[in-house]
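Student: Sharing a structure here in structure tokens format.
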Amino acid sequence: MSAAEEPDVESPPDNQSHVAPRPDSAHAIVRAPGDFRNMSLGLIAVIAVVIALYFGSSVFIPVMLAVMLSYALSPVIDLLHRWKIPRAVGAALVLLGVVGGAGSLAYSVSDDLAELIESLPAAARNLRQTLHNEGVTSPSAVGQVQKAASELERAARESGVQYPGTTSSGATRVQIEQPRLNISDYLWSGALGAAALTGQAAVVLFLVFFLLISGDTFRRKLVAITGPALSEKKITIQVLNEINSQIQRYLMVQIATSTLVSIASWLAFRLLGLEHAAVWAIAAGVFNLVPYLGAMIVTAGTALVALLQFGNLKMALLVGGVSLLVTSLEGMLLTPWLTGRAGRMNPVVVFVGVLFWGWLWGVSGLLLGVPIIVMIKSVCDHVEDLKPVGELLSE
């Protein structure tokens, strides 16, 4: 059969060509990465850890405080040990020096603190008199609202309509009087709180002493129990060294910046004529250890103190603004320069972390929140499966 006589082979129409069907995007299946079972178990473990930390705060808080102090003081102990001074003797001397320095500082401001406590009633009277005088000369918005409410009540009474909060004719009004302030109850609770705080301070000091004299014993034990593989031991050593350097750098920066904040605040408060400037300067340095929230507390506190002393809103705003300026300059310029970019963390994560640890452990959580986040970041940066978490914590 010739080529001309070959039967025609029907070709498929253009609209029916053999093309692989394309999946409909509306019905595409998105597979989520990871194993949901492992994620659920991890979430349950995290919740269990949070519950344990909450109910075991009386144990975990002193331990964490002791660990932080041991990190801060270990360079001094290592230096004394290189000078052939036994670690136990060096640790005892350093702790005695720290306790003695804190006691001397408290004693130096004790007179100002006593005068401050004695001046509180007079300051309260001055503030009440100032507010009363301002209310007489220029009625406030609250006074206008109260006057309008009185007029509405009078109109409702004249029209015979029962106004909420009023009583009908012949009814007896019952008023419940709150009990007077019993100062002895507050003194007793304050004494119990001071005794508990003293006991915790003693526990922390003993723990710090034992951690300082142990040296790198715990580090060597952790390296020994990580496993027989050399790679695992190297990773453990890297993590421990990173935690040690990061915590020490953070603590040194915080101590230096808090000292500078105290000095600058003291000079500014003295120039503005604020009484007991040394007390408020020390308070500013202590609250500077709490990121973000500490600056707001100091600003509001100093503004209130200035209002009590001067009875002038302008002076209160001036003192609070100066305090905010000092802490802002320290937080935006000095701390980033001393910390370096490698040690910076995401400010949003830091703020949320401080809120979380403050909710969990109160004031101690506010102080320990950032060091704990630094530890978590150091661990996550060296563990392959946790590097995304470390990236999230980084700036």
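All residue names refer to the structure tokens as shown: chains lettered A, B, ... in order, residues numbered from 1 in each chain, ligands numbered from 1 in order.
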Extract, using only C-alpha atoms, all DNA, RNA and protein residues at most 10 Å from segment 346-358 of chain A, discarding same-chain residues fewer than 3 positions from it, and format them as a ChimeraX atom specification.
Tutor: /A:54,290-293,361-370,372-374,391-395
Student: For the selection just defined, write its residues with N, CA and C atoms to a file, as a JSON list (two decimals), in the first residue's frame.
Tutor:
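The result, stored in out29.json:
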```json
[["chain", "number", "residue", "atom", "x", "y", "z"],
["A", 54, "TYR", "N", 5.41, 27.84, 88.87],
["A", 54, "TYR", "CA", 4.50, 28.69, 89.64],
["A", 54, "TYR", "C", 4.37, 28.20, 91.08],
["A", 290, "VAL", "N", 14.90, 46.46, 85.64],
["A", 290, "VAL", "CA", 13.69, 45.91, 85.01],
["A", 290, "VAL", "C", 13.50, 46.61, 83.67],
["A", 291, "PRO", "N", 13.65, 45.92, 82.55],
["A", 291, "PRO", "CA", 13.52, 46.59, 81.25],
["A", 291, "PRO", "C", 12.13, 47.17, 81.04],
["A", 292, "TYR", "N", 12.09, 48.36, 80.47],
["A", 292, "TYR", "CA", 10.87, 49.04, 80.05],
["A", 292, "TYR", "C", 9.98, 49.42, 81.23],
["A", 293, "LEU", "N", 9.53, 48.43, 81.99],
["A", 293, "LEU", "CA", 8.62, 48.71, 83.09],
["A", 293, "LEU", "C", 9.29, 49.53, 84.18],
["A", 361, "TRP", "N", 6.34, 35.15, 88.82],
["A", 361, "TRP", "CA", 7.11, 35.24, 90.06],
["A", 361, "TRP", "C", 7.07, 36.62, 90.71],
["A", 362, "GLY", "N", 6.27, 37.52, 90.24],
["A", 362, "GLY", "CA", 6.17, 38.83, 90.87],
["A", 362, "GLY", "C", 7.42, 39.68, 90.61],
["A", 363, "VAL", "N", 7.85, 40.40, 91.65],
["A", 363, "VAL", "CA", 9.00, 41.29, 91.51],
["A", 363, "VAL", "C", 10.27, 40.52, 91.15],
["A", 364, "SER", "N", 10.45, 39.35, 91.74],
["A", 364, "SER", "CA", 11.61, 38.52, 91.40],
["A", 364, "SER", "C", 11.60, 38.13, 89.93],
["A", 365, "GLY", "N", 10.42, 37.87, 89.39],
["A", 365, "GLY", "CA", 10.33, 37.54, 87.97],
["A", 365, "GLY", "C", 10.70, 38.71, 87.08],
["A", 366, "LEU", "N", 10.36, 39.93, 87.50],
["A", 366, "LEU", "CA", 10.75, 41.10, 86.72],
["A", 366, "LEU", "C", 12.27, 41.24, 86.65],
["A", 367, "LEU", "N", 12.96, 40.91, 87.73],
["A", 367, "LEU", "CA", 14.41, 41.00, 87.76],
["A", 367, "LEU", "C", 15.09, 39.84, 87.03],
["A", 368, "LEU", "N", 14.50, 38.66, 87.09],
["A", 368, "LEU", "CA", 15.12, 37.46, 86.52],
["A", 368, "LEU", "C", 14.65, 37.15, 85.11],
["A", 369, "GLY", "N", 13.65, 37.88, 84.61],
["A", 369, "GLY", "CA", 13.08, 37.53, 83.32],
["A", 369, "GLY", "C", 14.09, 37.59, 82.18],
["A", 370, "VAL", "N", 14.82, 38.69, 82.07],
["A", 370, "VAL", "CA", 15.76, 38.85, 80.96],
["A", 370, "VAL", "C", 16.92, 37.87, 81.05],
["A", 372, "ILE", "N", 16.91, 34.88, 82.24],
["A", 372, "ILE", "CA", 16.38, 33.57, 81.85],
["A", 372, "ILE", "C", 16.19, 33.51, 80.34],
["A", 373, "ILE", "N", 15.70, 34.60, 79.74],
["A", 373, "ILE", "CA", 15.56, 34.63, 78.28],
["A", 373, "ILE", "C", 16.92, 34.53, 77.61],
["A", 374, "VAL", "N", 17.95, 35.15, 78.18],
["A", 374, "VAL", "CA", 19.31, 35.04, 77.64],
["A", 374, "VAL", "C", 19.79, 33.60, 77.66],
["A", 391, "GLU", "N", 16.40, 32.30, 66.61],
["A", 391, "GLU", "CA", 16.24, 33.37, 65.64],
["A", 391, "GLU", "C", 15.11, 34.30, 66.00],
["A", 392, "LEU", "N", 14.03, 33.75, 66.55],
["A", 392, "LEU", "CA", 12.91, 34.57, 66.99],
["A", 392, "LEU", "C", 13.31, 35.49, 68.14],
["A", 393, "LEU", "N", 14.16, 35.00, 69.04],
["A", 393, "LEU", "CA", 14.58, 35.79, 70.19],
["A", 393, "LEU", "C", 15.61, 36.85, 69.82],
["A", 394, "SER", "N", 16.30, 36.69, 68.66],
["A", 394, "SER", "CA", 17.32, 37.64, 68.27],
["A", 394, "SER", "C", 16.70, 38.88, 67.67],
["A", 395, "GLU", "N", 17.49, 39.94, 67.67],
["A", 395, "GLU", "CA", 17.00, 41.21, 67.12],
["A", 395, "GLU", "C", 17.00, 41.16, 65.60]]
```
Student: If you run DSSP on the backbone, which residues of segment 221-376 of chain A are alpha helix (DSSP H), as a VMD selection string?
Tutor: chain A and resid 221 to 225 230 to 272 277 to 287 293 to 310 313 to 329 335 to 339 347 to 361 363 to 376
Student: Go through segment 293-380 of chain A and flag each residue having an atom no more than 12 Å from segment 223-239 of chain A; for those, report the closest pair of atoms plus their distance in Å to one decimal, using only C-alpha atoms, ordered by chain and rising number, as JSON lines.
Tutor:
```
{"residue": "A:Val374", "atom": "CA", "partner": "A:Val239", "partner_atom": "CA", "distance": 11.7}
{"residue": "A:Met375", "atom": "CA", "partner": "A:Val239", "partner_atom": "CA", "distance": 9.2}
{"residue": "A:Ile376", "atom": "CA", "partner": "A:Val239", "partner_atom": "CA", "distance": 10.2}
{"residue": "A:Lys377", "atom": "CA", "partner": "A:Val239", "partner_atom": "CA", "distance": 10.0}
{"residue": "A:Ser378", "atom": "CA", "partner": "A:Val239", "partner_atom": "CA", "distance": 6.4}
{"residue": "A:Val379", "atom": "CA", "partner": "A:Val239", "partner_atom": "CA", "distance": 5.8}
{"residue": "A:Cys380", "atom": "CA", "partner": "A:Val239", "partner_atom": "CA", "distance": 8.9}
```
Student: Atom CA of Glu330 of chain A and atom CA of Leu274 of chain A, how far apart in Å?
Tutor: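 A separation of 21.5 Å between them.
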Student: My list of candidates is A:Ile247, A:Ala196, A:Ala283, A:His276. Which is closest to Ser58 of chain A when distances are computed with only C-alpha atoms?
Tutor: A:Ala196
Student: I need the residue nearest Ala72 of chain A from this list: A:Arg37, A:Arg87, A:Lys387, A:Arg249. Use only C-alpha atoms for the distance.
Tutor: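 Of all the options, A:Arg249 lies closest to Ala72 of chain A.
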Student: Report the closest atom pair, with its distance in Å rounded to one decimal, for each residue of segment 282-318 of chain A that has an atom no farther than 12 Å from segment 251-268 of chain A; count only C-alpha atoms, sort by chain and then rising residue number, and write it as a tab-separated table.
Tutor:
```
residue	atom	partner	partner_atom	distance
A:Ile282	CA	A:Ser262	CA	5.5
A:Ala283	CA	A:Ser262	CA	7.8
A:Ala284	CA	A:Ser262	CA	6.0
A:Gly285	CA	A:Ser258	CA	4.5
A:Val286	CA	A:Ser258	CA	6.8
A:Phe287	CA	A:Ser258	CA	8.4
A:Asn288	CA	A:Ser258	CA	5.9
A:Leu289	CA	A:Gln254	CA	6.4
A:Val290	CA	A:Gln254	CA	9.6
A:Pro291	CA	A:Gln254	CA	10.1
A:Gly294	CA	A:Ser258	CA	11.2
A:Ala295	CA	A:Val261	CA	10.7
A:Val298	CA	A:Ser265	CA	10.5
A:Thr299	CA	A:Ser265	CA	11.2
A:Thr302	CA	A:Ser265	CA	10.5
A:Leu318	CA	A:Ala268	CA	10.7
```
Student: Let's have the selection written as a PDB file, in the first residue's frame, with N, CA and C atoms.
Tutor:
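That gives us selection-v1.pdb:
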```pdb
ATOM      1  N   ILE A 282      18.804  56.048  94.140  1.00  0.00           N
ATOM      2  CA  ILE A 282      19.040  54.613  94.328  1.00  0.00           C
ATOM      3  C   ILE A 282      17.855  53.805  93.811  1.00  0.00           C
ATOM      4  N   ALA A 283      16.640  54.302  94.070  1.00  0.00           N
ATOM      5  CA  ALA A 283      15.449  53.620  93.544  1.00  0.00           C
ATOM      6  C   ALA A 283      15.460  53.590  92.020  1.00  0.00           C
ATOM      7  N   ALA A 284      15.907  54.682  91.386  1.00  0.00           N
ATOM      8  CA  ALA A 284      15.989  54.701  89.928  1.00  0.00           C
ATOM      9  C   ALA A 284      16.989  53.687  89.410  1.00  0.00           C
ATOM     10  N   GLY A 285      18.131  53.540  90.106  1.00  0.00           N
ATOM     11  CA  GLY A 285      19.107  52.546  89.685  1.00  0.00           C
ATOM     12  C   GLY A 285      18.615  51.123  89.852  1.00  0.00           C
ATOM     13  N   VAL A 286      17.884  50.859  90.930  1.00  0.00           N
ATOM     14  CA  VAL A 286      17.369  49.499  91.152  1.00  0.00           C
ATOM     15  C   VAL A 286      16.299  49.151  90.128  1.00  0.00           C
ATOM     16  N   PHE A 287      15.367  50.076  89.890  1.00  0.00           N
ATOM     17  CA  PHE A 287      14.298  49.802  88.926  1.00  0.00           C
ATOM     18  C   PHE A 287      14.817  49.780  87.498  1.00  0.00           C
ATOM     19  N   ASN A 288      16.005  50.328  87.283  1.00  0.00           N
ATOM     20  CA  ASN A 288      16.586  50.263  85.946  1.00  0.00           C
ATOM     21  C   ASN A 288      16.917  48.825  85.544  1.00  0.00           C
ATOM     22  N   LEU A 289      17.024  47.926  86.516  1.00  0.00           N
ATOM     23  CA  LEU A 289      17.278  46.522  86.210  1.00  0.00           C
ATOM     24  C   LEU A 289      16.087  45.853  85.536  1.00  0.00           C
ATOM     25  N   VAL A 290      14.902  46.461  85.639  1.00  0.00           N
ATOM     26  CA  VAL A 290      13.694  45.910  85.014  1.00  0.00           C
ATOM     27  C   VAL A 290      13.502  46.606  83.672  1.00  0.00           C
ATOM     28  N   PRO A 291      13.646  45.916  82.551  1.00  0.00           N
ATOM     29  CA  PRO A 291      13.520  46.589  81.251  1.00  0.00           C
ATOM     30  C   PRO A 291      12.129  47.167  81.045  1.00  0.00           C
ATOM     31  N   GLY A 294      10.581  49.304  84.422  1.00  0.00           N
ATOM     32  CA  GLY A 294      11.286  50.048  85.458  1.00  0.00           C
ATOM     33  C   GLY A 294      11.308  51.542  85.182  1.00  0.00           C
ATOM     34  N   ALA A 295      11.532  51.921  83.919  1.00  0.00           N
ATOM     35  CA  ALA A 295      11.550  53.350  83.580  1.00  0.00           C
ATOM     36  C   ALA A 295      10.192  53.991  83.820  1.00  0.00           C
ATOM     37  N   VAL A 298       9.659  54.412  87.665  1.00  0.00           N
ATOM     38  CA  VAL A 298      10.466  55.509  88.218  1.00  0.00           C
ATOM     39  C   VAL A 298       9.908  56.858  87.792  1.00  0.00           C
ATOM     40  N   THR A 299       9.496  56.982  86.538  1.00  0.00           N
ATOM     41  CA  THR A 299       8.937  58.244  86.056  1.00  0.00           C
ATOM     42  C   THR A 299       7.675  58.618  86.821  1.00  0.00           C
ATOM     43  N   THR A 302       8.626  59.403  90.700  1.00  0.00           N
ATOM     44  CA  THR A 302       9.277  60.696  90.939  1.00  0.00           C
ATOM     45  C   THR A 302       8.327  61.861  90.656  1.00  0.00           C
ATOM     46  N   LEU A 318       8.094  68.198  85.251  1.00  0.00           N
ATOM     47  CA  LEU A 318       9.513  68.440  84.975  1.00  0.00           C
ATOM     48  C   LEU A 318      10.390  67.346  85.582  1.00  0.00           C
TER      49      LEU A 318
END
```
Student: Calculated over only C-alpha atoms, which of the candidates A:Tyr250, A:Phe209, A:Phe55, A:Phe60 has the smallest distance to Leu96 of chain A?
Tutor: A:Phe209
Student: Calculate how many Å separate atom CA of Ala92 of chain A from atom CA of Ile61 of chain A, rounding to one decimal.
Tutor: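 We find that atom CA of Ala92 of chain A and atom CA of Ile61 of chain A lie 22.3 Å from each other.
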Student: Hey, what's within 12 Å of segment 105-109 of chain A if we count only C-alpha atoms and toss same-chain stuff fewer than 6 positions away? As a PyMOL selection string, please?
Tutor: chain A and resi 98-99+115-116+276-283
Student: Rank A:Val63, A:Ile85, A:Met332, A:Met345 by their smallest atom-to-atom distance to Phe206 of chain A, using only C-alpha atoms, and report the top residue only.
Tutor: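 Looking only at the distances to Phe206 of chain A, the closest residue turns out to be A:Val63.
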